[in-house]
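Enquirer: Here you go, structure_20.tsv (TSV, C-alpha atoms and all ligand atoms):
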chain	number	residue	atom	x	y	z
A	1005	MET	CA	6.78	11.42	17.69
A	1006	LYS	CA	8.32	9.71	14.70
A	1007	PRO	CA	9.62	11.78	11.79
A	1008	GLU	CA	7.09	12.01	8.96
A	1009	THR	CA	9.09	9.85	6.57
A	1010	GLU	CA	8.90	6.90	8.97
A	1011	LEU	CA	5.12	6.91	9.29
A	1012	LYS	CA	3.74	3.46	8.57
A	1013	ARG	CA	0.19	2.86	7.44
A	1014	SER	CA	-1.70	0.59	9.81
A	1015	ALA	CA	-3.48	-2.48	8.42
A	1016	GLU	CA	-6.23	-1.84	10.92
A	1017	PRO	CA	-8.81	-0.56	8.37
A	1018	ILE	CA	-9.06	-4.11	7.00
A	1019	TRP	CA	-9.72	-5.70	10.41
A	1020	TRP	CA	-11.97	-2.82	11.33
A	1021	ALA	CA	-14.04	-3.24	8.15
A	1022	LEU	CA	-14.50	-6.97	8.92
A	1023	PHE	CA	-15.31	-6.03	12.52
A	1024	SER	CA	-17.94	-3.48	11.46
A	1025	ALA	CA	-19.53	-5.81	8.93
A	1026	GLY	CA	-19.53	-8.58	11.54
A	1027	GLY	CA	-21.15	-6.23	14.05
A	1028	VAL	CA	-24.04	-5.58	11.70
A	1029	CYS	CA	-24.45	-9.32	11.15
A	1030	PHE	CA	-24.33	-9.95	14.90
A	1031	ALA	CA	-27.10	-7.43	15.41
A	1032	VAL	CA	-29.32	-8.42	12.51
A	1033	PHE	CA	-28.80	-11.99	11.30
A	1034	ILE	CA	-27.68	-13.86	14.42
A	1035	PRO	CA	-30.79	-13.02	16.47
A	1036	ALA	CA	-32.93	-14.07	13.50
A	1037	ALA	CA	-30.97	-17.32	13.17
A	1038	ILE	CA	-31.33	-17.99	16.91
A	1039	VAL	CA	-35.07	-17.34	16.85
A	1040	PHE	CA	-35.48	-19.66	13.89
A	1041	LEU	CA	-33.08	-22.48	14.74
A	1042	ALA	CA	-33.19	-22.46	18.54
A	1043	MET	CA	-36.77	-21.42	19.24
A	1044	LEU	CA	-39.27	-21.75	16.39
A	1045	LEU	CA	-37.88	-25.08	15.14
A	1046	PRO	CA	-37.72	-26.91	18.51
A	1047	LEU	CA	-41.11	-25.51	19.49
A	1048	GLY	CA	-42.54	-26.92	16.29
A	1049	VAL	CA	-43.84	-23.54	15.11
A	1050	VAL	CA	-42.11	-24.02	11.80
A	1051	GLU	CA	-41.17	-27.24	10.13
A	1052	LEU	CA	-38.02	-28.04	8.25
A	1053	THR	CA	-37.13	-31.50	7.04
A	1054	TYR	CA	-33.55	-32.67	6.72
A	1055	THR	CA	-33.76	-32.78	2.92
A	1056	GLN	CA	-35.24	-29.27	2.81
A	1057	ALA	CA	-32.52	-27.93	5.06
A	1058	GLN	CA	-29.83	-29.69	3.08
A	1059	SER	CA	-30.99	-28.52	-0.32
A	1060	TRP	CA	-31.39	-24.95	0.96
A	1061	TYR	CA	-28.07	-24.77	2.76
A	1062	PHE	CA	-26.02	-26.24	-0.06
A	1063	SER	CA	-27.26	-23.59	-2.46
A	1064	ILE	CA	-25.93	-20.09	-2.96
A	1065	TRP	CA	-28.18	-18.99	-0.05
A	1066	GLY	CA	-26.25	-21.26	2.25
A	1067	LEU	CA	-23.04	-19.52	1.22
A	1068	MET	CA	-24.57	-16.16	2.13
A	1069	PHE	CA	-25.83	-17.62	5.40
A	1070	THR	CA	-22.33	-18.86	6.25
A	1071	GLY	CA	-20.86	-15.44	5.52
A	1072	ALA	CA	-23.44	-13.52	7.55
A	1073	VAL	CA	-23.89	-15.89	10.48
A	1074	VAL	CA	-20.47	-17.53	10.78
A	1075	VAL	CA	-17.58	-15.84	8.97
A	1076	LEU	CA	-18.15	-12.12	9.60
A	1077	PRO	CA	-19.30	-12.57	13.23
A	1078	LEU	CA	-16.16	-14.68	13.84
A	1079	PHE	CA	-13.94	-11.83	12.67
A	1080	HIS	CA	-16.00	-9.41	14.76
A	1081	ALA	CA	-15.47	-11.57	17.85
A	1082	GLY	CA	-11.77	-12.07	17.04
A	1083	HIS	CA	-11.26	-8.29	16.82
A	1084	ARG	CA	-13.05	-7.75	20.13
A	1085	PHE	CA	-10.96	-10.43	21.82
A	1086	ARG	CA	-7.78	-8.92	20.45
A	1087	HIS	CA	-8.58	-5.43	21.72
A	1088	GLY	CA	-9.99	-6.80	24.97
A	1089	LEU	CA	-6.71	-8.59	25.65
A	1090	HIS	CA	-4.80	-5.38	24.87
A	1091	ASP	CA	-6.98	-3.60	27.45
A	1092	LEU	CA	-6.10	-6.35	29.95
A	1093	LYS	CA	-2.48	-5.44	29.28
A	1094	VAL	CA	-1.51	-8.61	27.43
A	1095	GLN	CA	1.63	-7.41	25.68
A	1096	GLN	CA	2.14	-10.15	23.06
A	1097	HIS	CA	0.36	-8.17	20.36
A	1098	THR	CA	1.50	-10.21	17.38
A	1099	LEU	CA	0.75	-13.53	19.03
A	1100	VAL	CA	-2.71	-12.34	20.08
A	1101	LYS	CA	-3.37	-11.09	16.56
A	1102	VAL	CA	-2.33	-14.38	14.98
A	1103	LEU	CA	-4.39	-16.40	17.48
A	1104	CYS	CA	-7.57	-14.28	17.23
A	1105	TYR	CA	-7.70	-13.82	13.47
A	1106	GLY	CA	-6.16	-17.26	12.93
A	1107	PHE	CA	-9.00	-18.87	14.89
A	1108	ALA	CA	-11.57	-16.83	12.95
A	1109	SER	CA	-9.94	-17.78	9.62
A	1110	ALA	CA	-9.63	-21.47	10.50
A	1111	LEU	CA	-13.28	-21.83	11.51
A	1112	SER	CA	-14.37	-19.79	8.49
A	1113	LEU	CA	-12.37	-22.00	6.14
A	1114	LEU	CA	-13.82	-25.11	7.77
A	1115	CYS	CA	-17.38	-23.86	7.27
A	1116	LEU	CA	-16.76	-22.70	3.72
A	1117	GLY	CA	-15.02	-26.01	3.00
A	1118	LEU	CA	-18.03	-27.99	4.25
A	1119	TRP	CA	-20.31	-25.82	2.16
A	1120	CYS	CA	-18.17	-26.40	-0.94
A	1121	ILE	CA	-18.23	-30.17	-0.40
A	1122	GLY	CA	-22.03	-30.13	-0.15
A	1123	TYR	CA	-22.50	-27.70	-3.03
A	1124	PHE	CA	-20.29	-29.46	-5.52
A	1125	ASN	CA	-21.58	-32.97	-4.69
B	803	MET	CA	-16.80	22.29	56.21
B	804	ILE	CA	-15.77	19.64	53.74
B	805	ASN	CA	-12.78	17.34	54.02
B	806	VAL	CA	-10.64	17.92	50.99
B	807	LYS	CA	-7.78	15.49	50.52
B	808	VAL	CA	-5.07	16.62	48.16
B	809	ALA	CA	-2.36	14.45	46.63
B	810	ARG	CA	0.94	16.20	47.33
B	811	TYR	CA	4.26	15.69	45.63
B	812	LEU	CA	7.16	17.87	46.73
B	813	PRO	CA	10.24	16.35	45.11
B	814	GLU	CA	12.70	18.45	47.15
B	815	GLN	CA	11.17	17.30	50.43
B	816	SER	CA	10.31	13.66	49.86
B	817	ALA	CA	10.64	11.26	46.99
B	818	ALA	CA	7.24	9.71	47.61
B	819	PRO	CA	3.92	11.45	47.05
B	820	PHE	CA	1.55	11.69	50.03
B	821	VAL	CA	-2.01	12.77	50.75
B	822	GLN	CA	-2.79	15.78	52.93
B	823	GLU	CA	-6.20	16.55	54.37
B	824	PHE	CA	-7.73	20.02	54.74
B	825	LYS	CA	-11.00	21.29	56.14
B	826	VAL	CA	-12.51	23.82	53.80
B	827	PRO	CA	-15.58	26.00	54.48
B	828	TYR	CA	-18.00	26.22	51.57
B	829	ASP	CA	-21.32	27.52	50.35
B	830	ALA	CA	-23.37	26.78	47.26
B	831	SER	CA	-20.99	28.74	45.03
B	832	THR	CA	-17.62	27.41	46.22
B	833	SER	CA	-15.87	25.72	43.33
B	834	VAL	CA	-13.12	23.15	43.74
B	835	LEU	CA	-10.70	25.78	42.44
B	836	ASP	CA	-11.95	28.18	45.14
B	837	ALA	CA	-11.20	25.45	47.68
B	838	LEU	CA	-7.64	25.07	46.37
B	839	ASN	CA	-7.14	28.84	46.54
B	840	TYR	CA	-8.51	28.84	50.11
B	841	ILE	CA	-6.04	26.12	51.08
B	842	LYS	CA	-3.14	28.00	49.50
B	843	GLU	CA	-4.05	31.34	51.05
B	844	GLU	CA	-5.22	30.24	54.50
B	845	LEU	CA	-3.79	26.81	55.29
B	846	ASP	CA	-0.71	25.83	53.32
B	847	PRO	CA	1.02	28.24	50.91
B	848	SER	CA	3.25	25.46	49.57
B	849	LEU	CA	0.41	23.90	47.56
B	850	SER	CA	0.90	24.15	43.78
B	851	PHE	CA	-1.79	23.98	41.13
B	852	ARG	CA	-2.56	25.67	37.80
B	853	TRP	CA	-5.42	28.00	37.07
B	854	SER	CA	-6.15	31.22	35.27
B	855	CYS	CA	-9.62	32.13	34.03
B	856	ARG	CA	-11.94	30.67	36.69
B	857	MET	CA	-14.60	30.28	33.99
B	858	ALA	CA	-13.90	27.03	32.15
B	859	ILE	CA	-12.28	28.67	29.17
B	860	CYS	CA	-8.49	28.57	29.64
B	861	GLY	CA	-8.34	24.83	30.28
B	862	SER	CA	-5.54	25.01	32.84
B	863	CYS	CA	-7.21	23.84	36.06
B	864	GLY	CA	-7.75	20.16	35.24
B	865	VAL	CA	-7.53	17.76	38.21
B	866	MET	CA	-8.82	14.32	39.12
B	867	ALA	CA	-11.77	14.83	41.46
B	868	ASN	CA	-12.53	11.50	43.15
B	869	GLY	CA	-10.85	9.79	40.22
B	870	ILE	CA	-12.71	11.61	37.44
B	871	PRO	CA	-10.98	14.28	35.32
B	872	LYS	CA	-12.67	17.65	35.95
B	873	LEU	CA	-12.01	21.36	35.55
B	874	GLY	CA	-11.57	22.64	39.10
B	875	CYS	CA	-13.44	25.85	38.31
B	876	LYS	CA	-16.42	24.01	36.82
B	877	VAL	CA	-17.21	21.66	39.70
B	878	PHE	CA	-18.47	22.64	43.13
B	879	LEU	CA	-17.81	21.50	46.67
B	880	ARG	CA	-21.55	21.18	47.26
B	881	ASP	CA	-21.47	18.11	45.02
B	882	TYR	CA	-18.77	16.41	47.13
B	883	GLU	CA	-20.30	16.48	50.60
B	884	GLN	CA	-19.15	12.89	51.14
B	885	GLY	CA	-15.54	14.03	50.81
B	886	LEU	CA	-13.24	14.90	47.98
B	887	LEU	CA	-9.87	13.59	46.86
B	888	LEU	CA	-7.97	15.79	44.41
B	889	GLU	CA	-5.13	14.29	42.40
B	890	PRO	CA	-3.07	15.43	39.41
B	891	LEU	CA	-4.44	14.53	35.97
B	892	ALA	CA	-3.91	10.84	35.26
B	893	HIS	CA	-1.59	9.50	32.51
B	894	LEU	CA	0.71	12.54	32.53
B	895	PRO	CA	3.95	12.87	34.50
B	896	VAL	CA	3.52	14.78	37.76
B	897	GLU	CA	5.89	17.70	38.29
B	898	ARG	CA	4.66	18.90	41.65
B	899	ASP	CA	1.42	18.55	43.62
B	900	LEU	CA	-1.43	18.99	41.12
B	901	ILE	CA	0.81	20.18	38.31
B	902	VAL	CA	1.44	17.76	35.47
B	903	ASP	CA	3.84	17.97	32.55
B	904	MET	CA	1.62	18.66	29.51
B	905	ASP	CA	4.49	18.33	27.00
B	906	ALA	CA	3.43	14.99	25.49
B	907	PHE	CA	-0.10	16.32	25.04
B	908	LEU	CA	1.07	19.56	23.40
B	909	LYS	CA	3.48	17.70	21.10
B	910	HIS	CA	0.62	15.52	19.90
B	911	LEU	CA	-1.52	18.59	19.24
B	912	GLU	CA	1.28	20.18	17.20
B	913	ALA	CA	1.98	17.01	15.25
B	914	VAL	CA	-1.37	17.08	13.43
B	915	LYS	CA	-0.63	20.44	11.74
B	916	PRO	CA	-3.47	22.28	13.46
B	917	TYR	CA	-3.67	25.26	11.14
B	918	LEU	CA	-5.19	26.10	7.78
B	919	ILE	CA	-3.06	24.77	4.94
B	920	ASN	CA	-3.70	25.93	1.39
B	921	ASN	CA	-1.75	26.76	-1.72
B	922	GLU	CA	-2.55	30.45	-1.81
B	923	THR	CA	0.33	32.85	-1.77
B	924	THR	CA	0.59	35.27	1.15
B	925	ALA	CA	-0.47	38.13	-1.15
B	926	VAL	CA	-3.69	36.34	-2.12
B	927	LYS	CA	-4.29	35.36	1.50
B	928	SER	CA	-4.14	38.90	2.79
B	929	ALA	CA	-6.19	40.25	-0.11
B	930	THR	CA	-9.11	37.83	0.12
B	931	THR	CA	-11.55	37.02	2.85
B	932	HIS	CA	-12.63	33.43	3.18
B	933	GLN	CA	-16.34	33.28	3.32
B	934	GLN	CA	-18.06	30.24	4.73
B	935	THR	CA	-21.69	29.30	4.61
B	936	PRO	CA	-23.33	28.35	7.94
B	937	ALA	CA	-23.44	24.78	6.67
B	938	GLN	CA	-19.68	24.76	5.99
B	939	LEU	CA	-19.05	26.18	9.45
B	940	GLY	CA	-21.45	23.70	11.01
B	941	LYS	CA	-19.35	20.78	9.75
B	942	TYR	CA	-16.46	21.48	12.12
B	943	LYS	CA	-17.75	24.03	14.64
B	944	GLN	CA	-18.33	21.58	17.48
B	945	PHE	CA	-14.81	20.19	17.08
B	946	ALA	CA	-13.35	23.69	17.17
B	947	ASN	CA	-14.55	24.28	20.73
B	948	CYS	CA	-11.66	22.41	22.36
B	949	ILE	CA	-9.86	24.39	25.08
B	950	ASN	CA	-6.86	22.02	25.26
B	951	CYS	CA	-7.51	21.12	28.87
B	952	GLY	CA	-6.27	17.55	28.46
B	953	LEU	CA	-9.11	16.00	30.50
B	954	CYS	CA	-9.79	13.58	27.64
B	955	TYR	CA	-6.20	12.28	27.82
B	956	SER	CA	-6.65	11.52	31.51
B	957	ALA	CA	-9.92	9.78	30.73
B	958	CYS	CA	-8.51	7.69	27.88
B	959	PRO	CA	-7.33	4.22	28.96
B	960	GLN	CA	-5.60	3.77	25.59
B	961	PHE	CA	-3.45	6.86	26.12
B	962	GLY	CA	-2.71	5.46	29.58
B	963	LEU	CA	-1.52	2.19	28.04
B	964	ASN	CA	0.38	3.79	25.17
B	965	PRO	CA	1.47	7.43	25.43
B	966	GLU	CA	2.41	7.37	21.74
B	967	PHE	CA	-1.32	7.29	20.91
B	968	LEU	CA	-2.15	10.65	19.35
B	969	GLY	CA	-5.15	10.84	21.63
B	970	PRO	CA	-8.65	12.34	21.54
B	971	ALA	CA	-7.97	16.09	21.40
B	972	ALA	CA	-5.19	15.88	18.76
B	973	ILE	CA	-7.25	13.64	16.46
B	974	THR	CA	-10.24	15.93	16.97
B	975	LEU	CA	-8.10	18.92	16.01
B	976	ALA	CA	-6.85	17.18	12.86
B	977	HIS	CA	-10.41	16.27	11.98
B	978	ARG	CA	-11.55	19.83	12.64
B	979	TYR	CA	-9.09	21.19	10.03
B	980	ASN	CA	-9.79	18.35	7.60
B	981	LEU	CA	-13.47	19.34	7.68
B	982	ASP	CA	-12.80	23.06	7.16
B	983	SER	CA	-13.77	24.29	3.67
B	984	ARG	CA	-10.84	26.77	3.73
B	985	ASP	CA	-8.29	24.03	4.28
B	986	GLN	CA	-6.46	21.84	1.77
B	987	GLY	CA	-4.13	20.12	4.17
B	988	LYS	CA	-5.91	16.80	4.55
B	989	ALA	CA	-3.38	14.93	2.41
B	990	ALA	CA	-0.61	16.22	4.65
B	991	ARG	CA	-2.43	15.13	7.82
B	992	MET	CA	-3.58	11.69	6.71
B	993	PRO	CA	-0.19	9.88	6.92
B	994	LEU	CA	-0.15	10.43	10.69
B	995	LEU	CA	-3.83	9.56	11.05
B	996	ASN	CA	-3.25	6.35	9.08
B	997	THR	CA	-0.71	4.99	11.56
B	998	ALA	CA	-1.41	2.56	14.38
B	999	GLU	CA	-0.93	5.50	16.78
B	1000	GLY	CA	-3.71	7.48	15.09
B	1001	PRO	CA	-7.45	6.86	15.55
B	1002	TRP	CA	-6.84	3.11	15.18
B	1003	ALA	CA	-5.54	2.87	18.74
B	1004	CYS	CA	-9.01	3.89	19.95
B	1005	THR	CA	-11.30	1.07	21.08
B	1006	PHE	CA	-14.32	3.38	21.42
B	1007	VAL	CA	-14.39	3.57	25.18
B	1008	GLY	CA	-16.07	6.97	24.88
B	1009	PHE	CA	-15.07	8.27	28.32
B	1010	CYS	CA	-13.23	11.19	26.63
B	1011	SER	CA	-16.56	12.56	25.43
B	1012	ASP	CA	-18.13	12.08	28.88
B	1013	VAL	CA	-15.49	14.19	30.64
B	1014	CYS	CA	-15.05	16.90	27.99
B	1015	PRO	CA	-16.13	20.20	29.58
B	1016	GLN	CA	-16.89	21.75	26.17
B	1017	GLN	CA	-19.06	18.95	24.72
B	1018	VAL	CA	-16.59	18.63	21.86
B	1019	ASP	CA	-17.35	14.88	21.60
B	1020	PRO	CA	-13.79	13.81	20.73
B	1021	ALA	CA	-14.90	10.16	20.51
B	1022	ALA	CA	-17.09	11.07	17.53
B	1023	ALA	CA	-14.18	12.85	15.82
B	1024	VAL	CA	-11.88	9.88	16.44
B	1025	ASN	CA	-14.37	7.45	14.97
B	1026	GLN	CA	-15.11	9.68	11.99
B	1027	SER	CA	-11.35	9.78	11.47
B	1028	LYS	CA	-11.32	5.98	11.34
B	1029	VAL	CA	-13.77	6.19	8.44
B	1030	GLU	CA	-11.56	8.81	6.75
B	1031	SER	CA	-8.47	6.66	7.21
B	1032	ALA	CA	-10.27	3.59	5.84
B	1033	LYS	CA	-11.45	5.65	2.83
B	1034	ASP	CA	-7.90	6.90	2.32
B	1035	MET	CA	-6.63	3.31	2.26
B	1036	LEU	CA	-9.26	2.29	-0.32
B	1037	ILE	CA	-8.51	5.29	-2.55
B	1038	GLN	CA	-4.76	4.62	-2.46
B	1039	LEU	CA	-5.50	0.97	-3.19
B	1040	PHE	CA	-7.52	1.85	-6.29
B	1041	LYS	CA	-4.84	4.27	-7.39
B	1042	GLY	CA	-2.40	1.37	-7.13
B	1043	LYS	CA	-0.26	3.20	-4.59
B	1044	LEU	CA	-0.45	0.54	-1.88
C	1	LIG	S1	-11.54	17.61	23.56
C	1	LIG	FE1	-12.59	18.35	25.44
C	1	LIG	S2	-11.59	17.22	27.11
C	1	LIG	FE2	-10.23	17.04	25.33
C	1	LIG	S3	-8.76	18.73	25.53
C	1	LIG	FE3	-10.46	19.49	24.25
C	1	LIG	S4	-11.90	20.47	25.66
C	1	LIG	FE4	-10.51	19.22	26.91
C	2	LIG	S1	-9.30	28.21	35.54
C	2	LIG	FE1	-9.51	28.35	33.39
C	2	LIG	S2	-10.57	26.52	32.91
C	2	LIG	FE2	-10.57	26.50	35.07
Represent the supplied structure as structure tokens.
Ligand code: SF4
Ligand code: FES
Expert:
Amino acid sequence: MKPETELKRSAEPIWWALFSAGGVCFAVFIPAAIVFLAMLLPLGVVELTYTQAQSWYFSIWGLMFTGAVVVLPLFHAGHRFRHGLHDLKVQQHTLVKVLCYGFASALSLLCLGLWCIGYFN
Amino acid sequence: MINVKVARYLPEQSAAPFVQEFKVPYDASTSVLDALNYIKEELDPSLSFRWSCRMAICGSCGVMANGIPKLGCKVFLRDYEQGLLLEPLAHLPVERDLIVDMDAFLKHLEAVKPYLINNETTAVKSATTHQQTPAQLGKYKQFANCINCGLCYSACPQFGLNPEFLGPAAITLAHRYNLDSRDQGKAARMPLLNTAEGPWACTFVGFCSDVCPQQVDPAAAVNQSKVESAKDMLIQLFKGKL
């Protein structure tokens, strides 16, 4: 055990908060998005034109959609991968951390960037 | 008769551990601990193992029974008719036969300051009784049932990977005192719980709660401690101390 004065606070609460929020999104919003986009739309149960989709997505709702269906689930998945690799005894903890959260951040930024381009045009 | 295989380690005789097989008579009430005592008394007096109470309260008779951590006095031969392999508790150094070195486990328990901490002077302490409502007791009662058997440490893959991890029972104990209305020591316990070796090393496997013979549910305590640690971080952040 380390002496008390050397105890270092872990940054884990931040990743864990993103992971928890992402977990809720995975459970609630992703199934809804799949039902809508991958089932109801192709089956023709609901109709959505390109212009409708575009004007809806590039509004503030689209930003919320990106957060709930892309960004938070990405961080959830990144966290799971990171801990899964630890369980598989991959020892390069820092590298794994950078890769997992880096991938989640890069894809998130890409999505948010695309949204910004559409929104501000 | 049941075939009971026992993992033996006799450092003064051979450097390598080996497995020895015994035939043990049994009836419906023969516990695994009874079987070990039968072996020691009737078949091989050199066998070493720990036990004391025979009634699942002292926590000293933990062994791996077919790979699962169990209290020897709480499981019965009748449930192992297919054969039984007894090994020392996993993740702890073996001293001899079924005896493991519990030092790391006990150090972790001590490290969380598992006692009531408050600012009262000794005079006040001895003069007052500390009354608790049933609701106040209910908050921590389940977590106070731990008998320090260490089964949860053998069940925990994270403790197996990193013996610095405080582990299920120690975090549960810290949480038990943090929840106690008579205690004011939470601030003193949080720094250790906030480290990477505290609850954050847990990936919610949950096997600790499955094997706990006292239904303490250490996994719940560990995950409630994560919430406490996250809250602590937020509070310190707002106070500008981070
Ligand atoms: S929490 Fe349960 S399994 Fe762990 S040491 Fe206490 S009684 Fe044993
Ligand atoms: S002998 Fe005491 S718990 Fe088994």
Enquirer: Expressed in Å to a single decimal, how great is the separation between atom CA of Ile973 of chain B and atom CA of Phe945 of chain B?
Expert: 10.0 Å
Enquirer: Please, which residues have at least one atom within 10 Å of an atom of ligand LIG 2 (chain C), using only C-alpha atoms and all ligand atoms, listed as an mmCIF file with C-alpha atoms, keeping the file's coordinate frame?
Expert:
data_model
loop_
_atom_site.group_PDB
_atom_site.id
_atom_site.type_symbol
_atom_site.label_atom_id
_atom_site.label_comp_id
_atom_site.auth_asym_id
_atom_site.auth_seq_id
_atom_site.Cartn_x
_atom_site.Cartn_y
_atom_site.Cartn_z
ATOM 1 C CA SER B 833 -15.870 25.720 43.330
ATOM 2 C CA VAL B 834 -13.120 23.150 43.740
ATOM 3 C CA LEU B 835 -10.700 25.780 42.440
ATOM 4 C CA ASP B 836 -11.950 28.180 45.140
ATOM 5 C CA ARG B 852 -2.560 25.670 37.800
ATOM 6 C CA TRP B 853 -5.420 28.000 37.070
ATOM 7 C CA SER B 854 -6.150 31.220 35.270
ATOM 8 C CA CYS B 855 -9.620 32.130 34.030
ATOM 9 C CA ARG B 856 -11.940 30.670 36.690
ATOM 10 C CA MET B 857 -14.600 30.280 33.990
ATOM 11 C CA ALA B 858 -13.900 27.030 32.150
ATOM 12 C CA ILE B 859 -12.280 28.670 29.170
ATOM 13 C CA CYS B 860 -8.490 28.570 29.640
ATOM 14 C CA GLY B 861 -8.340 24.830 30.280
ATOM 15 C CA SER B 862 -5.540 25.010 32.840
ATOM 16 C CA CYS B 863 -7.210 23.840 36.060
ATOM 17 C CA GLY B 864 -7.750 20.160 35.240
ATOM 18 C CA VAL B 865 -7.530 17.760 38.210
ATOM 19 C CA LYS B 872 -12.670 17.650 35.950
ATOM 20 C CA LEU B 873 -12.010 21.360 35.550
ATOM 21 C CA GLY B 874 -11.570 22.640 39.100
ATOM 22 C CA CYS B 875 -13.440 25.850 38.310
ATOM 23 C CA LYS B 876 -16.420 24.010 36.820
ATOM 24 C CA VAL B 877 -17.210 21.660 39.700
ATOM 25 C CA ILE B 949 -9.860 24.390 25.080
ATOM 26 C CA ASN B 950 -6.860 22.020 25.260
ATOM 27 C CA CYS B 951 -7.510 21.120 28.870
ATOM 28 C CA PRO B 1015 -16.130 20.200 29.580
#
Enquirer: Counting all atoms listed in the file, which residue out of B:Ala990, B:Val1029, B:Leu995, B:Leu891 sits closest to ligand LIG 1 (chain C)?
Expert: B:Leu891
Enquirer: Could you please tell me, as a VMD selection string, which residues of chain A have an atom within 10 Å of chain B when using all atoms listed in the file?
Expert: chain A and resid 1005 to 1018 1020 to 1021 1084 1087 to 1088 1090 to 1093
Enquirer: Could I get the residue neighbourhood of ligand LIG 1 (chain C) at 10 Å, counting only C-alpha atoms and all ligand atoms, as a PyMOL selection string?
Expert: chain B and resi 858-862+864+871-873+907+911+944-958+969-975+1009-1021+1023
Enquirer: Could you name the residues that touch Ile901 of chain B at 8 Å or less, counting only C-alpha atoms, but leaving out those on the same chain fewer than 3 positions away, as an MDAnalysis selection string?
Expert: chainID B and resid 850:852 890 896:898
Enquirer: Dump C-alpha atoms for the selected residues as an mmCIF file, keeping the file's coordinate frame?
Expert:
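Ended up saving to again_22.cif:
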data_model
loop_
_atom_site.group_PDB
_atom_site.id
_atom_site.type_symbol
_atom_site.label_atom_id
_atom_site.label_comp_id
_atom_site.auth_asym_id
_atom_site.auth_seq_id
_atom_site.Cartn_x
_atom_site.Cartn_y
_atom_site.Cartn_z
ATOM 1 C CA SER B 850 0.900 24.150 43.780
ATOM 2 C CA PHE B 851 -1.790 23.980 41.130
ATOM 3 C CA ARG B 852 -2.560 25.670 37.800
ATOM 4 C CA PRO B 890 -3.070 15.430 39.410
ATOM 5 C CA VAL B 896 3.520 14.780 37.760
ATOM 6 C CA GLU B 897 5.890 17.700 38.290
ATOM 7 C CA ARG B 898 4.660 18.900 41.650
#
Enquirer: Rounded to one decimal, what separation in Å do you get between atom CA of His893 of chain B and atom CA of Cys1104 of chain A?
Expert: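 Separation of atom CA of His893 of chain B and atom CA of Cys1104 of chain A: 28.9 Å.
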Enquirer: Within 9 Å of segment 840-846 of chain B, counting all atoms listed in the file, which residues show up once you throw out same-chain ones fewer than 5 positions away? Write them as a list in words, please.
Expert: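 Near segment 840-846 of chain B, the qualifying residues are Phe824, Lys825, Val826, Pro827 and Leu835 of chain B.
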Enquirer: For the residues in the current selection, export C-alpha atoms as a short mmCIF file (atom, residue, chain, number, x, y, z; two decimals), in the frame of the given file.
Expert:
data_model
loop_
_atom_site.label_atom_id
_atom_site.label_comp_id
_atom_site.auth_asym_id
_atom_site.auth_seq_id
_atom_site.Cartn_x
_atom_site.Cartn_y
_atom_site.Cartn_z
CA PHE B 824 -7.73 20.02 54.74
CA LYS B 825 -11.00 21.29 56.14
CA VAL B 826 -12.51 23.82 53.80
CA PRO B 827 -15.58 26.00 54.48
CA LEU B 835 -10.70 25.78 42.44
#
Enquirer: Compile the contact shell of Val1073 of chain A as a list in words: residues with an atom at most 9 Å away, counting only C-alpha atoms, same-chain residues fewer than 6 positions apart removed.
Expert: Gly1026, Cys1029, Phe1030, Phe1033, Ile1034 and Ala1037 of chain A
Enquirer: Please indicate the distance in Å from atom CA of Leu1113 of chain A to atom CA of Gln1058 of chain A, rounded to one decimal place.
Expert: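 Here the two named atoms are 19.3 Å from each other.
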Enquirer: Would you please work out which residue, of B:Glu889, B:Pro936, B:Asp899, B:Gln1026, is nearest to Gln815 of chain B when using all atoms listed in the file?
Expert: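 Among B:Glu889, B:Pro936, B:Asp899, B:Gln1026, it is B:Asp899 that comes nearest to Gln815 of chain B.
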Enquirer: Build an axis-aligned box that encloses every atom of segment 1012-1025 of chain A listed in the file, pad it by 3 Å on each side, and report its centre and edge lengths in Å to one decimal, as lines of an AutoDock Vina configuration file.
Expert:
center_x = -7.9
center_y = -1.8
center_z = 9.8
size_x = 29.3
size_y = 16.4
size_z = 11.5
Enquirer: Of the candidates B:Pro819, B:Gly885, B:Gly869, B:Pro847, which one gets nearest to Val806 of chain B if we count only C-alpha atoms?
Expert: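 Nearest candidate to Val806 of chain B out of B:Pro819, B:Gly885, B:Gly869, B:Pro847: B:Gly885.
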Enquirer: Complete the atom set of segment 1111-1116 of chain A to N, CA and C atoms and return it as a PDB file, in the frame of the given file.
Expert:
ATOM      1  N   LEU A1111     -11.875 -21.411  11.440  1.00  0.00           N
ATOM      2  CA  LEU A1111     -13.280 -21.830  11.510  1.00  0.00           C
ATOM      3  C   LEU A1111     -14.033 -21.440  10.243  1.00  0.00           C
ATOM      4  N   SER A1112     -13.711 -20.233   9.716  1.00  0.00           N
ATOM      5  CA  SER A1112     -14.370 -19.790   8.490  1.00  0.00           C
ATOM      6  C   SER A1112     -14.058 -20.744   7.344  1.00  0.00           C
ATOM      7  N   LEU A1113     -12.778 -21.102   7.221  1.00  0.00           N
ATOM      8  CA  LEU A1113     -12.370 -22.000   6.140  1.00  0.00           C
ATOM      9  C   LEU A1113     -13.057 -23.356   6.282  1.00  0.00           C
ATOM     10  N   LEU A1114     -13.154 -23.830   7.525  1.00  0.00           N
ATOM     11  CA  LEU A1114     -13.820 -25.110   7.770  1.00  0.00           C
ATOM     12  C   LEU A1114     -15.260 -25.059   7.274  1.00  0.00           C
ATOM     13  N   CYS A1115     -15.973 -24.001   7.664  1.00  0.00           N
ATOM     14  CA  CYS A1115     -17.380 -23.860   7.270  1.00  0.00           C
ATOM     15  C   CYS A1115     -17.511 -23.753   5.763  1.00  0.00           C
ATOM     16  N   LEU A1116     -16.672 -22.892   5.171  1.00  0.00           N
ATOM     17  CA  LEU A1116     -16.760 -22.700   3.720  1.00  0.00           C
ATOM     18  C   LEU A1116     -16.389 -23.996   3.005  1.00  0.00           C
TER      19      LEU A1116
END
